[in-house]
Amino acid sequence: MLESIGSLTGSPWIYAVVAVSVLLDVFLPVLPSGVLVITAATAAAAGSTAGAAGTAAVAAGQVPREVPSLLVLVLCAATASVLGDLVAYRLAWRGGDRLDRAIARSRRLTRAQERLGTALSRGGGALVVIARFAPAGRSVVSLGAGAAHRKVKEFLPWSALAGVAWAGYAVGLGWFGGQWLGASWIGAAVSVLALFGAGSLAAYVMRRPAAAPAPETAA
(Lines give C-alpha, C1' and ligand atoms only; values in the text may rest on other atoms or scores of the structure.)
Protein backbone atom coordinates (compact mmCIF):
# COMPACT_ATOMS: atom_id res chain seq x y z
CA MET A 1 0.00 0.00 0.00
CA LEU A 2 2.73 2.41 0.93
CA GLU A 3 4.76 1.57 -2.18
CA SER A 4 1.86 2.50 -4.48
CA ILE A 5 1.70 6.08 -3.16
CA GLY A 6 5.27 6.41 -1.95
CA SER A 7 5.99 9.34 -4.26
CA LEU A 8 3.02 11.24 -2.78
CA THR A 9 3.80 10.61 0.88
CA GLY A 10 7.40 11.61 0.21
CA SER A 11 6.36 14.97 -1.20
CA PRO A 12 5.13 18.18 0.47
CA TRP A 13 2.05 17.81 -1.73
CA ILE A 14 0.76 15.17 0.69
CA TYR A 15 -0.35 17.97 3.03
CA ALA A 16 -2.38 19.69 0.31
CA VAL A 17 -3.95 16.41 -0.78
CA VAL A 18 -4.89 15.55 2.81
CA ALA A 19 -6.35 19.01 3.38
CA VAL A 20 -8.45 18.97 0.20
CA SER A 21 -9.69 15.44 0.84
CA VAL A 22 -10.74 16.22 4.42
CA LEU A 23 -12.31 19.51 3.38
CA LEU A 24 -14.44 17.94 0.67
CA ASP A 25 -15.56 14.79 2.44
CA VAL A 26 -18.19 16.78 4.36
CA PHE A 27 -19.98 16.89 0.98
CA LEU A 28 -18.65 13.59 -0.42
CA PRO A 29 -18.38 11.20 2.54
CA VAL A 30 -17.13 8.46 0.20
CA LEU A 31 -13.75 10.19 -0.09
CA PRO A 32 -11.07 8.12 1.71
CA SER A 33 -9.71 11.02 3.73
CA GLY A 34 -9.20 8.93 6.86
CA VAL A 35 -7.37 6.24 4.90
CA LEU A 36 -5.14 8.89 3.34
CA VAL A 37 -4.27 10.41 6.74
CA ILE A 38 -3.47 6.99 8.18
CA THR A 39 -1.31 6.06 5.19
CA ALA A 40 0.67 9.29 5.47
CA ALA A 41 1.20 8.72 9.21
CA THR A 42 2.29 5.14 8.53
CA ALA A 43 4.83 6.50 6.05
CA ALA A 44 6.10 8.79 8.80
CA ALA A 45 6.50 5.76 11.05
CA ALA A 46 8.46 4.07 8.26
CA GLY A 47 10.82 7.04 8.09
CA SER A 48 11.40 7.03 11.83
CA THR A 49 12.40 3.37 11.78
CA ALA A 50 14.80 3.86 8.90
CA GLY A 51 17.21 6.24 10.56
CA ALA A 52 20.24 4.03 10.04
CA ALA A 53 19.34 3.44 6.41
CA GLY A 54 18.90 7.17 5.89
CA THR A 55 22.32 7.90 7.39
CA ALA A 56 23.90 5.31 5.14
CA ALA A 57 22.16 6.78 2.11
CA VAL A 58 23.49 10.24 2.90
CA ALA A 59 26.99 8.82 3.34
CA ALA A 60 26.66 7.15 -0.05
CA GLY A 61 25.65 10.42 -1.67
CA GLN A 62 21.98 9.53 -2.00
CA VAL A 63 19.11 11.72 -0.82
CA PRO A 64 16.66 9.79 1.39
CA ARG A 65 12.96 10.21 0.74
CA GLU A 66 11.27 12.78 2.95
CA VAL A 67 8.54 11.59 5.31
CA PRO A 68 5.49 13.54 6.48
CA SER A 69 5.56 15.47 9.74
CA LEU A 70 3.00 14.18 12.22
CA LEU A 71 2.33 17.63 13.65
CA VAL A 72 1.74 19.17 10.22
CA LEU A 73 -0.51 16.27 9.28
CA VAL A 74 -2.65 16.80 12.37
CA LEU A 75 -2.82 20.56 11.78
CA CYS A 76 -3.73 20.17 8.10
CA ALA A 77 -6.41 17.54 8.75
CA ALA A 78 -7.93 19.36 11.74
CA THR A 79 -7.98 22.76 10.02
CA ALA A 80 -9.52 21.34 6.86
CA SER A 81 -12.12 19.52 8.96
CA VAL A 82 -13.21 22.74 10.67
CA LEU A 83 -13.27 24.70 7.42
CA GLY A 84 -15.39 22.01 5.75
CA ASP A 85 -17.80 22.03 8.68
CA LEU A 86 -18.15 25.80 8.47
CA VAL A 87 -18.77 25.75 4.71
CA ALA A 88 -21.53 23.15 5.13
CA TYR A 89 -22.92 25.06 8.10
CA ARG A 90 -23.09 28.36 6.17
CA LEU A 91 -24.60 26.73 3.09
CA ALA A 92 -27.30 25.13 5.20
CA TRP A 93 -27.87 28.42 7.05
CA ARG A 94 -28.52 30.19 3.75
CA GLY A 95 -30.12 27.21 2.04
CA GLY A 96 -33.65 28.54 2.00
CA ASP A 97 -36.92 26.69 1.67
CA ARG A 98 -35.60 24.01 -0.69
CA LEU A 99 -32.99 22.80 1.78
CA ASP A 100 -35.47 23.02 4.65
CA ARG A 101 -37.85 20.74 2.76
CA ALA A 102 -35.02 18.31 1.98
CA ILE A 103 -34.06 18.13 5.66
CA ALA A 104 -37.71 17.70 6.67
CA ARG A 105 -37.95 14.68 4.36
CA SER A 106 -34.91 13.05 5.96
CA ARG A 107 -35.60 11.44 9.31
CA ARG A 108 -31.87 11.16 9.98
CA LEU A 109 -31.25 14.87 9.41
CA THR A 110 -34.35 15.89 11.34
CA ARG A 111 -33.47 13.70 14.32
CA ALA A 112 -29.85 14.91 14.32
CA GLN A 113 -31.00 18.51 14.08
CA GLU A 114 -33.29 18.12 17.08
CA ARG A 115 -30.68 16.34 19.19
CA LEU A 116 -27.98 18.81 18.23
CA GLY A 117 -30.16 21.78 19.11
CA THR A 118 -30.89 20.32 22.53
CA ALA A 119 -27.23 19.50 23.17
CA LEU A 120 -25.92 22.93 22.15
CA SER A 121 -28.60 24.81 24.08
CA ARG A 122 -27.51 22.96 27.23
CA GLY A 123 -23.88 23.93 26.65
CA GLY A 124 -22.70 20.49 25.62
CA GLY A 125 -21.76 19.56 22.08
CA ALA A 126 -20.32 16.08 22.56
CA LEU A 127 -22.64 14.97 19.74
CA VAL A 128 -20.57 17.09 17.32
CA VAL A 129 -17.39 15.29 18.38
CA ILE A 130 -18.97 11.84 18.21
CA ALA A 131 -20.49 12.56 14.81
CA ARG A 132 -17.06 13.41 13.38
CA PHE A 133 -16.11 9.74 13.67
CA ALA A 134 -19.37 8.32 12.26
CA PRO A 135 -19.77 7.75 8.52
CA ALA A 136 -21.46 10.87 7.11
CA GLY A 137 -22.10 12.03 10.68
CA ARG A 138 -20.05 15.16 10.15
CA SER A 139 -22.24 16.11 7.18
CA VAL A 140 -25.45 15.48 9.09
CA VAL A 141 -24.42 17.55 12.10
CA SER A 142 -22.92 20.46 10.15
CA LEU A 143 -25.93 20.75 7.86
CA GLY A 144 -28.30 20.30 10.79
CA ALA A 145 -26.64 23.03 12.82
CA GLY A 146 -26.78 25.44 9.90
CA ALA A 147 -30.37 24.64 8.96
CA ALA A 148 -31.43 25.10 12.59
CA HIS A 149 -29.64 28.49 12.63
CA ARG A 150 -27.58 27.59 15.67
CA LYS A 151 -25.16 30.35 16.64
CA VAL A 152 -21.67 29.90 15.27
CA LYS A 153 -20.18 30.44 18.74
CA GLU A 154 -22.15 27.39 19.88
CA PHE A 155 -21.05 25.20 16.98
CA LEU A 156 -17.49 26.28 16.12
CA PRO A 157 -15.69 25.30 19.38
CA TRP A 158 -17.13 21.80 19.24
CA SER A 159 -16.30 21.52 15.54
CA ALA A 160 -12.70 22.48 16.33
CA LEU A 161 -12.52 19.93 19.15
CA ALA A 162 -13.99 17.28 16.84
CA GLY A 163 -11.49 18.07 14.10
CA VAL A 164 -8.49 17.88 16.44
CA ALA A 165 -9.76 14.67 18.06
CA TRP A 166 -10.39 12.96 14.71
CA ALA A 167 -7.12 14.11 13.15
CA GLY A 168 -5.11 13.13 16.22
CA TYR A 169 -6.79 9.72 16.37
CA ALA A 170 -6.23 8.99 12.67
CA VAL A 171 -2.60 10.12 12.72
CA GLY A 172 -1.99 8.22 15.95
CA LEU A 173 -3.44 5.05 14.46
CA GLY A 174 -1.18 5.28 11.43
CA TRP A 175 1.89 6.03 13.52
CA PHE A 176 1.47 3.32 16.13
CA GLY A 177 0.28 0.81 13.54
CA GLY A 178 3.45 1.42 11.57
CA GLN A 179 5.61 1.21 14.71
CA TRP A 180 4.10 -2.01 16.05
CA LEU A 181 3.18 -3.87 12.87
CA GLY A 182 5.70 -2.45 10.47
CA ALA A 183 5.32 0.15 7.76
CA SER A 184 3.51 -2.15 5.35
CA TRP A 185 0.00 -2.68 4.07
CA ILE A 186 -0.70 -4.86 7.13
CA GLY A 187 -0.01 -2.05 9.59
CA ALA A 188 -2.03 0.43 7.52
CA ALA A 189 -4.92 -2.04 7.13
CA VAL A 190 -5.15 -2.70 10.87
CA SER A 191 -5.12 1.05 11.55
CA VAL A 192 -7.89 1.62 8.99
CA LEU A 193 -9.97 -1.13 10.59
CA ALA A 194 -9.54 0.59 13.97
CA LEU A 195 -10.75 3.85 12.41
CA PHE A 196 -13.79 2.10 10.95
CA GLY A 197 -14.44 0.48 14.33
CA ALA A 198 -14.54 3.87 16.00
CA GLY A 199 -16.87 5.05 13.25
CA SER A 200 -19.24 2.14 13.80
CA LEU A 201 -19.34 2.85 17.54
CA ALA A 202 -20.00 6.54 16.90
CA ALA A 203 -22.80 5.69 14.46
CA TYR A 204 -24.40 3.44 17.07
CA VAL A 205 -24.28 6.21 19.66
CA MET A 206 -25.82 8.68 17.21
CA ARG A 207 -28.66 6.28 16.38
CA ARG A 208 -29.64 5.86 20.03
CA PRO A 209 -32.68 7.91 21.00
CA ALA A 210 -32.01 10.93 23.15
CA ALA A 211 -32.77 10.48 26.82
CA ALA A 212 -36.05 12.00 27.89
CA PRO A 213 -35.69 14.92 30.28
CA ALA A 214 -36.33 14.13 33.92
CA PRO A 215 -39.78 15.28 35.13
CA GLU A 216 -39.78 18.28 37.38
CA THR A 217 -40.84 17.67 40.94
CA ALA A 218 -43.09 20.05 42.76
CA ALA A 219 -41.47 21.95 45.59
# chains A, B, ... in the order shown; residues from 1 in each chain; ligands from 1
call {"tool": "residues_around", "arguments": {"residues": "Ser81 in chain A", "least_positions_apart": "4", "cutoff": "10 Å", "atoms": "only C-alpha atoms", "output": "PyMOL selection string"}}
result
chain A and resi 19-26+75-77+85-86+132+138+159-160+162-164+166-167
call {"tool": "write_last_selection", "arguments": {"atoms": "all heavy atoms", "output": "short mmCIF file (atom, residue, chain, number, x, y, z; two decimals), in the first residue's frame"}}
result
data_model
loop_
_atom_site.label_atom_id
_atom_site.label_comp_id
_atom_site.auth_asym_id
_atom_site.auth_seq_id
_atom_site.Cartn_x
_atom_site.Cartn_y
_atom_site.Cartn_z
N ALA A 19 -5.47 17.90 3.05
CA ALA A 19 -6.35 19.01 3.38
C ALA A 19 -7.56 19.07 2.46
O ALA A 19 -8.70 19.22 2.90
CB ALA A 19 -5.58 20.33 3.33
N VAL A 20 -7.33 18.92 1.16
CA VAL A 20 -8.45 18.97 0.20
C VAL A 20 -9.40 17.81 0.41
O VAL A 20 -10.62 17.96 0.37
CB VAL A 20 -7.90 19.00 -1.24
CG1 VAL A 20 -9.03 18.83 -2.25
CG2 VAL A 20 -7.15 20.29 -1.51
N SER A 21 -8.85 16.62 0.64
CA SER A 21 -9.69 15.44 0.84
C SER A 21 -10.56 15.59 2.08
O SER A 21 -11.77 15.31 2.04
CB SER A 21 -8.81 14.19 0.95
OG SER A 21 -9.58 13.04 1.21
N VAL A 22 -9.97 16.04 3.18
CA VAL A 22 -10.74 16.22 4.42
C VAL A 22 -11.76 17.33 4.27
O VAL A 22 -12.90 17.23 4.76
CB VAL A 22 -9.79 16.50 5.59
CG1 VAL A 22 -10.58 16.83 6.85
CG2 VAL A 22 -8.88 15.30 5.85
N LEU A 23 -11.39 18.40 3.57
CA LEU A 23 -12.31 19.51 3.38
C LEU A 23 -13.54 19.09 2.60
O LEU A 23 -14.67 19.45 2.94
CB LEU A 23 -11.59 20.65 2.64
CG LEU A 23 -12.41 21.87 2.27
CD1 LEU A 23 -12.87 22.62 3.52
CD2 LEU A 23 -11.63 22.80 1.36
N LEU A 24 -13.34 18.29 1.56
CA LEU A 24 -14.44 17.94 0.67
C LEU A 24 -15.29 16.79 1.16
O LEU A 24 -16.42 16.62 0.69
CB LEU A 24 -13.90 17.62 -0.73
CG LEU A 24 -13.26 18.78 -1.50
CD1 LEU A 24 -12.78 18.30 -2.86
CD2 LEU A 24 -14.24 19.93 -1.66
N ASP A 25 -14.78 15.97 2.08
CA ASP A 25 -15.56 14.79 2.44
C ASP A 25 -16.77 15.11 3.32
O ASP A 25 -17.56 14.22 3.63
CB ASP A 25 -14.70 13.69 3.05
CG ASP A 25 -14.31 13.93 4.50
OD1 ASP A 25 -14.69 14.97 5.08
OD2 ASP A 25 -13.62 13.07 5.07
N VAL A 26 -16.94 16.39 3.71
CA VAL A 26 -18.19 16.78 4.36
C VAL A 26 -19.33 16.76 3.34
O VAL A 26 -20.49 16.55 3.69
CB VAL A 26 -18.06 18.17 5.02
CG1 VAL A 26 -17.95 19.26 3.98
CG2 VAL A 26 -19.23 18.43 5.96
N LEU A 75 -2.36 19.19 11.99
CA LEU A 75 -2.82 20.56 11.78
C LEU A 75 -3.58 20.69 10.47
O LEU A 75 -4.63 21.34 10.41
CB LEU A 75 -1.64 21.53 11.81
CG LEU A 75 -0.97 21.73 13.18
CD1 LEU A 75 0.24 22.65 13.04
CD2 LEU A 75 -1.96 22.31 14.18
N CYS A 76 -3.06 20.09 9.40
CA CYS A 76 -3.73 20.17 8.10
C CYS A 76 -5.10 19.49 8.15
O CYS A 76 -6.10 20.06 7.69
CB CYS A 76 -2.88 19.51 7.03
SG CYS A 76 -1.46 20.49 6.50
N ALA A 77 -5.15 18.29 8.71
CA ALA A 77 -6.41 17.54 8.75
C ALA A 77 -7.44 18.23 9.64
O ALA A 77 -8.62 18.34 9.29
CB ALA A 77 -6.16 16.11 9.22
N ASP A 85 -16.60 21.92 7.84
CA ASP A 85 -17.80 22.03 8.68
C ASP A 85 -18.45 23.40 8.53
O ASP A 85 -19.67 23.52 8.42
CB ASP A 85 -17.43 21.79 10.15
CG ASP A 85 -17.09 20.35 10.46
OD1 ASP A 85 -17.23 19.50 9.56
OD2 ASP A 85 -16.66 20.08 11.59
N LEU A 86 -17.62 24.44 8.55
CA LEU A 86 -18.15 25.80 8.47
C LEU A 86 -18.77 26.08 7.11
O LEU A 86 -19.79 26.79 7.02
CB LEU A 86 -17.04 26.81 8.76
CG LEU A 86 -16.58 26.89 10.22
CD1 LEU A 86 -15.45 27.91 10.36
CD2 LEU A 86 -17.74 27.27 11.13
N ARG A 132 -18.23 13.29 14.28
CA ARG A 132 -17.06 13.41 13.38
C ARG A 132 -16.47 12.05 13.04
O ARG A 132 -15.86 11.87 11.98
CB ARG A 132 -15.99 14.28 14.06
CG ARG A 132 -14.76 14.55 13.17
CD ARG A 132 -15.20 15.27 11.92
NE ARG A 132 -14.14 15.46 10.96
CZ ARG A 132 -13.79 14.58 10.02
NH1 ARG A 132 -14.40 13.40 9.95
NH2 ARG A 132 -12.84 14.85 9.15
N ARG A 138 -20.50 13.77 10.23
CA ARG A 138 -20.05 15.16 10.15
C ARG A 138 -20.96 15.97 9.24
O ARG A 138 -21.30 17.12 9.56
CB ARG A 138 -18.62 15.16 9.62
CG ARG A 138 -18.04 16.52 9.30
CD ARG A 138 -16.73 16.34 8.56
NE ARG A 138 -16.14 17.61 8.20
CZ ARG A 138 -15.23 17.73 7.23
NH1 ARG A 138 -14.84 16.66 6.57
NH2 ARG A 138 -14.72 18.92 6.92
N SER A 159 -16.84 21.96 16.82
CA SER A 159 -16.30 21.52 15.54
C SER A 159 -14.78 21.46 15.58
O SER A 159 -14.16 20.52 15.06
CB SER A 159 -16.77 22.46 14.42
OG SER A 159 -16.12 22.16 13.20
N ALA A 160 -14.16 22.48 16.20
CA ALA A 160 -12.70 22.48 16.33
C ALA A 160 -12.21 21.31 17.17
O ALA A 160 -11.24 20.64 16.83
CB ALA A 160 -12.24 23.81 16.93
N ALA A 162 -13.76 18.50 17.62
CA ALA A 162 -13.99 17.28 16.84
C ALA A 162 -12.91 17.09 15.79
O ALA A 162 -12.40 15.98 15.59
CB ALA A 162 -15.36 17.35 16.18
N GLY A 163 -12.53 18.18 15.12
CA GLY A 163 -11.49 18.07 14.10
C GLY A 163 -10.15 17.65 14.68
O GLY A 163 -9.46 16.79 14.11
N VAL A 164 -9.76 18.23 15.81
CA VAL A 164 -8.49 17.88 16.44
C VAL A 164 -8.52 16.43 16.94
O VAL A 164 -7.55 15.68 16.78
CB VAL A 164 -8.18 18.85 17.60
CG1 VAL A 164 -6.98 18.36 18.40
CG2 VAL A 164 -7.92 20.25 17.05
N TRP A 166 -10.40 13.90 15.84
CA TRP A 166 -10.39 12.96 14.71
C TRP A 166 -9.02 12.91 14.06
O TRP A 166 -8.49 11.82 13.77
CB TRP A 166 -11.45 13.36 13.70
CG TRP A 166 -11.47 12.48 12.49
CD1 TRP A 166 -12.11 11.28 12.35
CD2 TRP A 166 -10.79 12.71 11.25
NE1 TRP A 166 -11.87 10.76 11.10
CE2 TRP A 166 -11.07 11.62 10.41
CE3 TRP A 166 -9.98 13.75 10.78
CZ2 TRP A 166 -10.56 11.53 9.11
CZ3 TRP A 166 -9.47 13.66 9.49
CH2 TRP A 166 -9.76 12.56 8.68
N ALA A 167 -8.43 14.08 13.80
CA ALA A 167 -7.12 14.11 13.15
C ALA A 167 -6.05 13.44 14.02
O ALA A 167 -5.23 12.66 13.53
CB ALA A 167 -6.73 15.55 12.83
#
call {"tool": "atom_distance", "arguments": {"atom1": "CA of Leu31 in chain A", "atom2": "CA of Val72 in chain A"}}
result
20.7 Å
call {"tool": "atom_distance", "arguments": {"atom1": "CA of Thr79 in chain A", "atom2": "CA of Ala16 in chain A"}}
result
11.6 Å
call {"tool": "residues_around", "arguments": {"residues": "Leu70 in chain A", "least_positions_apart": "5", "cutoff": "9 Å", "atoms": "only C-alpha atoms", "output": "MDAnalysis selection string"}}
result
chainID A and resid 40:41 44 75 171:172 175
call {"tool": "write_last_selection", "arguments": {"atoms": "N, CA, C and O atoms", "output": "short mmCIF file (atom, residue, chain, number, x, y, z; two decimals), in the first residue's frame"}}
result
data_model
loop_
_atom_site.label_atom_id
_atom_site.label_comp_id
_atom_site.auth_asym_id
_atom_site.auth_seq_id
_atom_site.Cartn_x
_atom_site.Cartn_y
_atom_site.Cartn_z
N ALA A 40 -0.41 8.32 5.33
CA ALA A 40 0.67 9.29 5.47
C ALA A 40 1.37 9.14 6.82
O ALA A 40 2.61 9.23 6.91
N ALA A 41 0.61 8.90 7.89
CA ALA A 41 1.20 8.72 9.21
C ALA A 41 2.01 7.42 9.27
O ALA A 41 3.05 7.36 9.93
N ALA A 44 5.25 8.11 7.84
CA ALA A 44 6.10 8.79 8.80
C ALA A 44 6.73 7.80 9.77
O ALA A 44 7.90 7.94 10.16
N LEU A 75 -2.36 19.19 11.99
CA LEU A 75 -2.82 20.56 11.78
C LEU A 75 -3.58 20.69 10.47
O LEU A 75 -4.63 21.34 10.41
N VAL A 171 -4.05 10.08 12.83
CA VAL A 171 -2.60 10.12 12.72
C VAL A 171 -1.96 9.17 13.74
O VAL A 171 -1.01 8.45 13.42
N GLY A 172 -2.51 9.13 14.94
CA GLY A 172 -1.99 8.22 15.95
C GLY A 172 -2.12 6.76 15.54
O GLY A 172 -1.21 5.95 15.75
N TRP A 175 0.54 6.05 12.93
CA TRP A 175 1.89 6.03 13.52
C TRP A 175 2.14 4.77 14.32
O TRP A 175 3.13 4.06 14.11
#
call {"tool": "atom_distance", "arguments": {"atom1": "CA of Ala170 in chain A", "atom2": "CA of Ser142 in chain A"}}
result
20.4 Å
call {"tool": "closest_residue", "arguments": {"among": "A:Gly34, A:Pro135, A:Gly146, A:Gly84", "to": "Tyr169 in chain A", "atoms": "only C-alpha atoms"}}
result
A:Gly34
call {"tool": "residues_around", "arguments": {"residues": "Ala189 in chain A", "least_positions_apart": "6", "cutoff": "10 Å", "atoms": "only C-alpha atoms", "output": "number ranges by chain"}}
result
A: 1, 35, 38-39, 174, 177, 195
call {"tool": "write_last_selection", "arguments": {"atoms": "N, CA and C atoms", "output": "PDB file, in the first residue's frame"}}
result
ATOM      1  N   MET A   1       0.836  -1.206   0.000  1.00  0.00           N
ATOM      2  CA  MET A   1       0.000   0.000   0.000  1.00  0.00           C
ATOM      3  C   MET A   1       0.866   1.249   0.000  1.00  0.00           C
ATOM      4  N   VAL A  35      -8.367   7.198   5.389  1.00  0.00           N
ATOM      5  CA  VAL A  35      -7.369   6.241   4.896  1.00  0.00           C
ATOM      6  C   VAL A  35      -6.113   6.974   4.453  1.00  0.00           C
ATOM      7  N   ILE A  38      -4.130   8.136   7.549  1.00  0.00           N
ATOM      8  CA  ILE A  38      -3.469   6.990   8.183  1.00  0.00           C
ATOM      9  C   ILE A  38      -2.266   6.536   7.361  1.00  0.00           C
ATOM     10  N   THR A  39      -2.408   6.489   6.042  1.00  0.00           N
ATOM     11  CA  THR A  39      -1.308   6.062   5.187  1.00  0.00           C
ATOM     12  C   THR A  39      -0.120   7.010   5.291  1.00  0.00           C
ATOM     13  N   GLY A 174      -2.172   5.573  12.463  1.00  0.00           N
ATOM     14  CA  GLY A 174      -1.182   5.279  11.431  1.00  0.00           C
ATOM     15  C   GLY A 174       0.222   5.167  11.993  1.00  0.00           C
ATOM     16  N   GLY A 177       0.388   2.004  14.379  1.00  0.00           N
ATOM     17  CA  GLY A 177       0.278   0.807  13.545  1.00  0.00           C
ATOM     18  C   GLY A 177       1.560   0.532  12.791  1.00  0.00           C
ATOM     19  N   LEU A 195     -10.007   2.620  12.711  1.00  0.00           N
ATOM     20  CA  LEU A 195     -10.746   3.851  12.412  1.00  0.00           C
ATOM     21  C   LEU A 195     -12.206   3.534  12.086  1.00  0.00           C
TER      22      LEU A 195
END
